[in-house]
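Printed here is query.pdb (PDB, C-alpha atoms, pLDDT in the B column):
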ATOM      1  CA  MET A   1      17.042  24.921  13.331  1.00 58.00           C
ATOM      2  CA  GLY A   2      19.428  22.900  15.501  1.00 62.00           C
ATOM      3  CA  VAL A   3      17.066  19.913  15.367  1.00 66.00           C
ATOM      4  CA  ALA A   4      16.948  20.031  11.554  1.00 62.00           C
ATOM      5  CA  ILE A   5      20.736  20.123  11.294  1.00 65.00           C
ATOM      6  CA  SER A   6      21.028  17.287  13.805  1.00 63.00           C
ATOM      7  CA  ARG A   7      18.624  15.153  11.747  1.00 63.00           C
ATOM      8  CA  LEU A   8      20.499  15.942   8.537  1.00 61.00           C
ATOM      9  CA  VAL A   9      23.824  14.954  10.110  1.00 58.00           C
ATOM     10  CA  ARG A  10      22.327  11.665  11.373  1.00 62.00           C
ATOM     11  CA  MET A  11      20.879  10.903   7.929  1.00 60.00           C
ATOM     12  CA  LEU A  12      24.169  11.610   6.175  1.00 64.00           C
ATOM     13  CA  PHE A  13      26.368   9.737   8.596  1.00 69.00           C
ATOM     14  CA  ALA A  14      24.088   7.010   9.894  1.00 74.00           C
ATOM     15  CA  LYS A  15      25.271   3.499   9.296  1.00 81.00           C
ATOM     16  CA  LYS A  16      23.399   1.894   6.438  1.00 91.00           C
ATOM     17  CA  GLU A  17      22.448  -1.775   6.546  1.00 94.00           C
ATOM     18  CA  MET A  18      22.163  -4.159   3.606  1.00 97.00           C
ATOM     19  CA  ARG A  19      21.062  -7.769   3.414  1.00 98.00           C
ATOM     20  CA  ILE A  20      23.148  -9.830   0.998  1.00 98.00           C
ATOM     21  CA  LEU A  21      22.457 -13.394  -0.127  1.00 98.00           C
ATOM     22  CA  MET A  22      25.468 -15.397  -1.305  1.00 99.00           C
ATOM     23  CA  VAL A  23      24.693 -18.552  -3.264  1.00 99.00           C
ATOM     24  CA  GLY A  24      26.170 -20.726  -5.989  1.00 99.00           C
ATOM     25  CA  LEU A  25      26.774 -24.375  -6.714  1.00 99.00           C
ATOM     26  CA  ASP A  26      28.528 -26.509  -4.113  1.00 98.00           C
ATOM     27  CA  ALA A  27      32.331 -26.135  -3.926  1.00 97.00           C
ATOM     28  CA  ALA A  28      32.297 -22.746  -5.680  1.00 98.00           C
ATOM     29  CA  GLY A  29      34.055 -21.090  -2.720  1.00 96.00           C
ATOM     30  CA  LYS A  30      31.235 -19.138  -1.061  1.00 98.00           C
ATOM     31  CA  THR A  31      32.213 -19.771   2.546  1.00 98.00           C
ATOM     32  CA  THR A  32      35.891 -19.093   1.868  1.00 96.00           C
ATOM     33  CA  ILE A  33      34.951 -15.737   0.316  1.00 96.00           C
ATOM     34  CA  LEU A  34      32.631 -14.892   3.231  1.00 97.00           C
ATOM     35  CA  TYR A  35      35.313 -15.443   5.852  1.00 96.00           C
ATOM     36  CA  LYS A  36      37.969 -13.664   3.803  1.00 94.00           C
ATOM     37  CA  LEU A  37      35.647 -10.641   3.742  1.00 94.00           C
ATOM     38  CA  LYS A  38      34.843 -10.958   7.455  1.00 96.00           C
ATOM     39  CA  LEU A  39      38.233 -11.893   8.919  1.00 95.00           C
ATOM     40  CA  GLY A  40      40.660 -10.803   6.231  1.00 92.00           C
ATOM     41  CA  GLU A  41      42.203 -14.263   6.064  1.00 91.00           C
ATOM     42  CA  ILE A  42      41.662 -17.688   4.551  1.00 88.00           C
ATOM     43  CA  VAL A  43      40.102 -20.238   6.870  1.00 89.00           C
ATOM     44  CA  THR A  44      39.633 -23.958   6.371  1.00 90.00           C
ATOM     45  CA  THR A  45      36.002 -24.701   5.569  1.00 93.00           C
ATOM     46  CA  ILE A  46      33.779 -27.722   5.186  1.00 95.00           C
ATOM     47  CA  PRO A  47      30.755 -28.026   2.874  1.00 95.00           C
ATOM     48  CA  THR A  48      27.936 -25.850   4.169  1.00 97.00           C
ATOM     49  CA  ILE A  49      24.840 -27.773   5.171  1.00 94.00           C
ATOM     50  CA  GLY A  50      22.399 -24.999   5.946  1.00 95.00           C
ATOM     51  CA  PHE A  51      23.867 -21.513   6.131  1.00 97.00           C
ATOM     52  CA  ASN A  52      26.484 -19.209   7.612  1.00 97.00           C
ATOM     53  CA  VAL A  53      25.631 -15.603   8.406  1.00 98.00           C
ATOM     54  CA  GLU A  54      28.127 -12.853   9.171  1.00 98.00           C
ATOM     55  CA  THR A  55      28.081  -9.081   9.370  1.00 98.00           C
ATOM     56  CA  VAL A  56      30.770  -7.362   7.342  1.00 96.00           C
ATOM     57  CA  GLU A  57      31.466  -3.664   7.878  1.00 93.00           C
ATOM     58  CA  TYR A  58      32.698  -1.587   4.948  1.00 90.00           C
ATOM     59  CA  LYS A  59      32.941   2.184   5.137  1.00 88.00           C
ATOM     60  CA  ASN A  60      29.581   3.283   6.547  1.00 87.00           C
ATOM     61  CA  VAL A  61      27.661   0.170   5.500  1.00 92.00           C
ATOM     62  CA  SER A  62      26.906  -2.918   7.544  1.00 95.00           C
ATOM     63  CA  PHE A  63      26.374  -5.906   5.241  1.00 97.00           C
ATOM     64  CA  THR A  64      24.589  -8.936   6.665  1.00 98.00           C
ATOM     65  CA  VAL A  65      25.772 -11.734   4.386  1.00 98.00           C
ATOM     66  CA  TRP A  66      23.855 -15.016   4.263  1.00 98.00           C
ATOM     67  CA  ASP A  67      26.004 -17.798   2.768  1.00 98.00           C
ATOM     68  CA  VAL A  68      23.707 -20.693   1.896  1.00 98.00           C
ATOM     69  CA  GLY A  69      24.875 -24.197   0.982  1.00 98.00           C
ATOM     70  CA  GLY A  70      24.914 -25.063  -2.710  1.00 98.00           C
ATOM     71  CA  GLN A  71      24.343 -28.820  -2.833  1.00 98.00           C
ATOM     72  CA  ASP A  72      21.513 -29.717  -5.203  1.00 97.00           C
ATOM     73  CA  LYS A  73      19.325 -30.972  -2.328  1.00 97.00           C
ATOM     74  CA  ILE A  74      19.679 -27.629  -0.517  1.00 96.00           C
ATOM     75  CA  ARG A  75      19.061 -25.300  -3.487  1.00 98.00           C
ATOM     76  CA  PRO A  76      15.243 -25.431  -3.231  1.00 97.00           C
ATOM     77  CA  LEU A  77      15.673 -23.834   0.216  1.00 96.00           C
ATOM     78  CA  TRP A  78      17.395 -20.758  -1.251  1.00 98.00           C
ATOM     79  CA  ARG A  79      13.990 -19.122  -1.803  1.00 97.00           C
ATOM     80  CA  HIS A  80      13.483 -18.895   1.965  1.00 98.00           C
ATOM     81  CA  TYR A  81      16.314 -16.339   2.069  1.00 98.00           C
ATOM     82  CA  PHE A  82      15.033 -14.069  -0.744  1.00 98.00           C
ATOM     83  CA  GLN A  83      12.813 -11.769   1.304  1.00 97.00           C
ATOM     84  CA  ASN A  84      14.357  -8.319   1.903  1.00 97.00           C
ATOM     85  CA  THR A  85      17.521  -9.256  -0.007  1.00 98.00           C
ATOM     86  CA  GLN A  86      19.085  -6.157  -1.539  1.00 98.00           C
ATOM     87  CA  GLY A  87      22.097  -7.785  -3.134  1.00 98.00           C
ATOM     88  CA  LEU A  88      22.807 -11.219  -4.551  1.00 98.00           C
ATOM     89  CA  ILE A  89      26.346 -12.584  -4.741  1.00 98.00           C
ATOM     90  CA  PHE A  90      26.408 -15.565  -7.082  1.00 99.00           C
ATOM     91  CA  VAL A  91      29.705 -17.450  -6.804  1.00 99.00           C
ATOM     92  CA  VAL A  92      30.889 -19.491  -9.785  1.00 99.00           C
ATOM     93  CA  ASP A  93      33.824 -21.904  -9.883  1.00 98.00           C
ATOM     94  CA  SER A  94      35.570 -20.605 -13.022  1.00 98.00           C
ATOM     95  CA  ASN A  95      37.272 -23.965 -13.439  1.00 98.00           C
ATOM     96  CA  ASP A  96      34.029 -26.001 -13.423  1.00 98.00           C
ATOM     97  CA  LYS A  97      33.148 -26.016 -17.125  1.00 98.00           C
ATOM     98  CA  GLU A  98      31.004 -29.129 -16.739  1.00 98.00           C
ATOM     99  CA  ARG A  99      28.504 -27.379 -14.448  1.00 99.00           C
ATOM    100  CA  ILE A 100      28.435 -23.822 -15.803  1.00 99.00           C
ATOM    101  CA  SER A 101      25.090 -24.428 -17.545  1.00 99.00           C
ATOM    102  CA  GLU A 102      23.694 -25.769 -14.255  1.00 99.00           C
ATOM    103  CA  ALA A 103      24.928 -22.585 -12.572  1.00 99.00           C
ATOM    104  CA  ARG A 104      23.241 -20.486 -15.303  1.00 99.00           C
ATOM    105  CA  ASP A 105      19.949 -22.312 -14.811  1.00 99.00           C
ATOM    106  CA  GLU A 106      20.039 -21.775 -11.033  1.00 99.00           C
ATOM    107  CA  LEU A 107      20.927 -18.086 -11.418  1.00 99.00           C
ATOM    108  CA  HIS A 108      18.139 -17.388 -13.910  1.00 98.00           C
ATOM    109  CA  ARG A 109      15.621 -19.392 -11.872  1.00 98.00           C
ATOM    110  CA  MET A 110      16.383 -17.190  -8.858  1.00 98.00           C
ATOM    111  CA  LEU A 111      16.319 -13.956 -10.810  1.00 98.00           C
ATOM    112  CA  SER A 112      12.819 -14.746 -12.074  1.00 97.00           C
ATOM    113  CA  GLU A 113      11.540 -14.603  -8.481  1.00 97.00           C
ATOM    114  CA  HIS A 114       9.561 -11.477  -7.601  1.00 97.00           C
ATOM    115  CA  GLU A 115      11.324 -11.062  -4.234  1.00 98.00           C
ATOM    116  CA  LEU A 116      14.670 -10.538  -6.000  1.00 98.00           C
ATOM    117  CA  VAL A 117      13.437  -8.134  -8.677  1.00 96.00           C
ATOM    118  CA  ASP A 118      15.294  -5.166  -7.141  1.00 96.00           C
ATOM    119  CA  ALA A 119      18.395  -7.037  -5.998  1.00 97.00           C
ATOM    120  CA  THR A 120      21.708  -6.021  -7.528  1.00 97.00           C
ATOM    121  CA  VAL A 121      23.674  -9.035  -8.780  1.00 98.00           C
ATOM    122  CA  LEU A 122      27.395  -9.546  -8.248  1.00 98.00           C
ATOM    123  CA  VAL A 123      28.857 -12.628  -9.899  1.00 98.00           C
ATOM    124  CA  PHE A 124      32.108 -13.771  -8.300  1.00 97.00           C
ATOM    125  CA  ALA A 125      34.110 -15.585 -10.981  1.00 98.00           C
ATOM    126  CA  ASN A 126      36.119 -17.530  -8.409  1.00 98.00           C
ATOM    127  CA  LYS A 127      39.273 -19.618  -8.862  1.00 97.00           C
ATOM    128  CA  GLN A 128      40.558 -17.506 -11.750  1.00 97.00           C
ATOM    129  CA  ASP A 129      44.124 -18.529 -10.894  1.00 95.00           C
ATOM    130  CA  LEU A 130      43.553 -22.170 -11.862  1.00 96.00           C
ATOM    131  CA  PRO A 131      45.066 -23.171 -15.227  1.00 94.00           C
ATOM    132  CA  ASN A 132      41.833 -24.174 -17.001  1.00 96.00           C
ATOM    133  CA  ALA A 133      39.644 -21.377 -15.657  1.00 98.00           C
ATOM    134  CA  MET A 134      37.108 -19.812 -17.995  1.00 98.00           C
ATOM    135  CA  THR A 135      37.662 -16.130 -18.713  1.00 98.00           C
ATOM    136  CA  VAL A 136      35.315 -13.447 -17.434  1.00 98.00           C
ATOM    137  CA  ALA A 137      33.986 -13.052 -20.997  1.00 98.00           C
ATOM    138  CA  GLU A 138      33.258 -16.795 -21.226  1.00 99.00           C
ATOM    139  CA  ILE A 139      31.501 -16.826 -17.863  1.00 99.00           C
ATOM    140  CA  THR A 140      29.482 -13.719 -18.758  1.00 99.00           C
ATOM    141  CA  ASP A 141      28.389 -15.420 -21.977  1.00 99.00           C
ATOM    142  CA  LYS A 142      27.702 -18.866 -20.492  1.00 99.00           C
ATOM    143  CA  LEU A 143      25.688 -17.389 -17.608  1.00 99.00           C
ATOM    144  CA  GLY A 144      23.683 -15.250 -20.041  1.00 98.00           C
ATOM    145  CA  LEU A 145      24.388 -12.071 -18.080  1.00 98.00           C
ATOM    146  CA  HIS A 146      23.879  -9.794 -21.093  1.00 97.00           C
ATOM    147  CA  SER A 147      20.302 -11.071 -21.345  1.00 97.00           C
ATOM    148  CA  LEU A 148      19.503  -9.614 -17.916  1.00 95.00           C
ATOM    149  CA  ARG A 149      17.381  -6.567 -18.705  1.00 89.00           C
ATOM    150  CA  ASN A 150      16.458  -3.848 -16.233  1.00 90.00           C
ATOM    151  CA  ARG A 151      18.817  -5.261 -13.638  1.00 93.00           C
ATOM    152  CA  ARG A 152      22.168  -4.064 -12.355  1.00 95.00           C
ATOM    153  CA  TRP A 153      24.792  -6.776 -12.493  1.00 97.00           C
ATOM    154  CA  TYR A 154      28.544  -6.888 -12.085  1.00 98.00           C
ATOM    155  CA  ILE A 155      31.156  -9.588 -12.443  1.00 98.00           C
ATOM    156  CA  HIS A 156      34.276  -9.718 -10.298  1.00 97.00           C
ATOM    157  CA  ILE A 157      37.191 -12.133 -10.386  1.00 96.00           C
ATOM    158  CA  SER A 158      38.669 -13.824  -7.360  1.00 91.00           C
ATOM    159  CA  LEU A 159      41.333 -16.437  -6.814  1.00 88.00           C
ATOM    160  CA  SER A 160      41.128 -19.937  -5.377  1.00 79.00           C
ATOM    161  CA  ARG A 161      43.614 -18.886  -2.733  1.00 70.00           C
ATOM    162  CA  ILE A 162      42.881 -15.241  -2.158  1.00 51.00           C
ATOM    163  CA  PRO A 163      46.214 -13.584  -1.235  1.00 51.00           C
TER     164      PRO A 163
END
structure tokens encoding of this file:
Amino acid sequence: MGVAISRLVRMLFAKKEMRILMVGLDAAGKTTILYKLKLGEIVTTIPTIGFNVETVEYKNVSFTVWDVGGQDKIRPLWRHYFQNTQGLIFVVDSNDKERISEARDELHRMLSEHELVDATVLVFANKQDLPNAMTVAEITDKLGLHSLRNRRWYIHISLSRIP
């Protein structure tokens, strides 16, 4: 009986691990968000050529977050990070109205991949504090999020300079 209780306690309180892929167009703010989550502060970043990977602890979950560069030449490489991804964070520059349709196309292209069929999607509507930022409703519409069937998705706002 003691062994069964010990196993139950380990199952209930064992640290869970999740693999998260963070992507989006270049200059959306992915790396800034990653290091704010990891360090709790804003750090100066440069455009990501390749990837950054960090482990972020929250409650009893250890998130391994892969932040992959968003330049158009790098985007075809995103697929190499899909395997075993449980969550997708798609970062959008809310102020970049000119490229929102490009962002939509990239998001839907990824979500059509079999390896991401079970991944939960979190859209970060970043830079909401800028004067010409699209609203969450506009971004939801322009990204076609309501057309995502049989998939959990969420949208969350963030600021260009996270306090």
Polymer residues at most 12 Å from Pro76 in chain A, all atoms listed in the file, same-chain spacing of 3 or more positions, as JSON, numbers by chain: {"A": [23, 50, 68, 69, 70, 71, 72, 73, 79, 80, 81, 82, 106, 109, 110]}
Best match for closeness to Trp153 in chain A among A:Ala27, A:Ala125, A:Ala133, A:Ala119, counting only C-alpha atoms: A:Ala119
Closest atom pairs, residues of range 14-95 of chain A within 10 Å of range 120-124 of chain A, all atoms listed in the file, as JSON lines:
{"residue": "A:Ile20", "atom": "CA", "partner": "A:Thr120", "partner_atom": "CA", "distance": 9.4}
{"residue": "A:Leu21", "atom": "CA", "partner": "A:Val121", "partner_atom": "CA", "distance": 9.8}
{"residue": "A:Met22", "atom": "CA", "partner": "A:Leu122", "partner_atom": "CA", "distance": 9.3}
{"residue": "A:Val23", "atom": "CA", "partner": "A:Val123", "partner_atom": "CA", "distance": 9.8}
{"residue": "A:Gly24", "atom": "CA", "partner": "A:Val123", "partner_atom": "CA", "distance": 9.4}
{"residue": "A:Ala28", "atom": "CA", "partner": "A:Phe124", "partner_atom": "CA", "distance": 9.4}
{"residue": "A:Gly29", "atom": "CA", "partner": "A:Phe124", "partner_atom": "CA", "distance": 9.4}
{"residue": "A:Lys30", "atom": "CA", "partner": "A:Phe124", "partner_atom": "CA", "distance": 9.1}
{"residue": "A:Ile33", "atom": "CA", "partner": "A:Phe124", "partner_atom": "CA", "distance": 9.3}
{"residue": "A:Thr85", "atom": "CA", "partner": "A:Thr120", "partner_atom": "CA", "distance": 9.2}
{"residue": "A:Gln86", "atom": "CA", "partner": "A:Thr120", "partner_atom": "CA", "distance": 6.5}
{"residue": "A:Gly87", "atom": "CA", "partner": "A:Thr120", "partner_atom": "CA", "distance": 4.8}
{"residue": "A:Leu88", "atom": "CA", "partner": "A:Val121", "partner_atom": "CA", "distance": 4.8}
{"residue": "A:Ile89", "atom": "CA", "partner": "A:Leu122", "partner_atom": "CA", "distance": 4.8}
{"residue": "A:Phe90", "atom": "CA", "partner": "A:Val123", "partner_atom": "CA", "distance": 4.7}
{"residue": "A:Val91", "atom": "CA", "partner": "A:Phe124", "partner_atom": "CA", "distance": 4.6}
{"residue": "A:Val92", "atom": "CA", "partner": "A:Phe124", "partner_atom": "CA", "distance": 6.0}
{"residue": "A:Asp93", "atom": "CA", "partner": "A:Phe124", "partner_atom": "CA", "distance": 8.5}
{"residue": "A:Ser94", "atom": "CA", "partner": "A:Phe124", "partner_atom": "CA", "distance": 9.0}
Gap from CA of Lys97 in chain A to CA of Ile49 in chain A - Å, one decimal: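 Result for CA of Lys97 in chain A versus CA of Ile49 in chain A: 23.9 Å, one decimal.
Distances here use all atoms listed in the file; by that measure, the residue among A:Val117, A:Leu25, A:Leu107, A:Val61 closest to Gln83 in chain A is A:Val117.
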Expected selection from the PyMOL selection byres ((chain A and resi 53) around 9), given as a list in words: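 Selection result, ordered by chain and number: Leu34, Phe51, Asn52, Glu54, Thr55, Thr64, Val65, Trp66, Asp67 and Val68 of chain A.
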File of the preceding selection, C-alpha atoms, as an mmCIF file, in the coordinates of the input:
data_model
loop_
_atom_site.group_PDB
_atom_site.id
_atom_site.type_symbol
_atom_site.label_atom_id
_atom_site.label_comp_id
_atom_site.auth_asym_id
_atom_site.auth_seq_id
_atom_site.Cartn_x
_atom_site.Cartn_y
_atom_site.Cartn_z
ATOM 1 C CA LEU A 34 32.631 -14.892 3.231
ATOM 2 C CA PHE A 51 23.867 -21.513 6.131
ATOM 3 C CA ASN A 52 26.484 -19.209 7.612
ATOM 4 C CA GLU A 54 28.127 -12.853 9.171
ATOM 5 C CA THR A 55 28.081 -9.081 9.370
ATOM 6 C CA THR A 64 24.589 -8.936 6.665
ATOM 7 C CA VAL A 65 25.772 -11.734 4.386
ATOM 8 C CA TRP A 66 23.855 -15.016 4.263
ATOM 9 C CA ASP A 67 26.004 -17.798 2.768
ATOM 10 C CA VAL A 68 23.707 -20.693 1.896
#
Near-His108 in chain A list (12 Å; all atoms listed in the file; drop same-chain fewer than 2 positions) as a list in words: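 Listing them by chain and then by number gives Gly24, Phe90, Ser101, Glu102, Ala103, Arg104, Asp105, Glu106, Met110, Leu111, Ser112, Glu113, Leu116, Val117, Val121, Lys142, Leu143, Gly144, Leu145, His146, Ser147, Leu148 and Arg149 of chain A.
When only C-alpha atoms are used to compute distances to Thr32 in chain A, the closest of the residues A:Ile139, A:Met134, A:Val56, A:Leu159 turns out to be A:Leu159.
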Straight-line distance linking CA of Ile46 in chain A with CA of Thr135 in chain A, stated in Å to one decimal: 26.8 Å
Shortest interatomic distance to His114 in chain A - which of A:Asn84, A:Thr140, A:Leu130, A:Ser160, counting all atoms listed in the file: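 Among A:Asn84, A:Thr140, A:Leu130, A:Ser160, it is A:Asn84 that comes nearest to His114 in chain A.
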Nearest to Tyr58 in chain A, chosen from A:Lys38, A:Asp118, A:Arg19, A:Arg75, with only C-alpha atoms counted in the distances: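 Closest to Tyr58 in chain A of all the choices is A:Lys38.
Our summary of the geometry notes that CA of Ser62 in chain A is positioned 6.3 Å from CA of Met18 in chain A.
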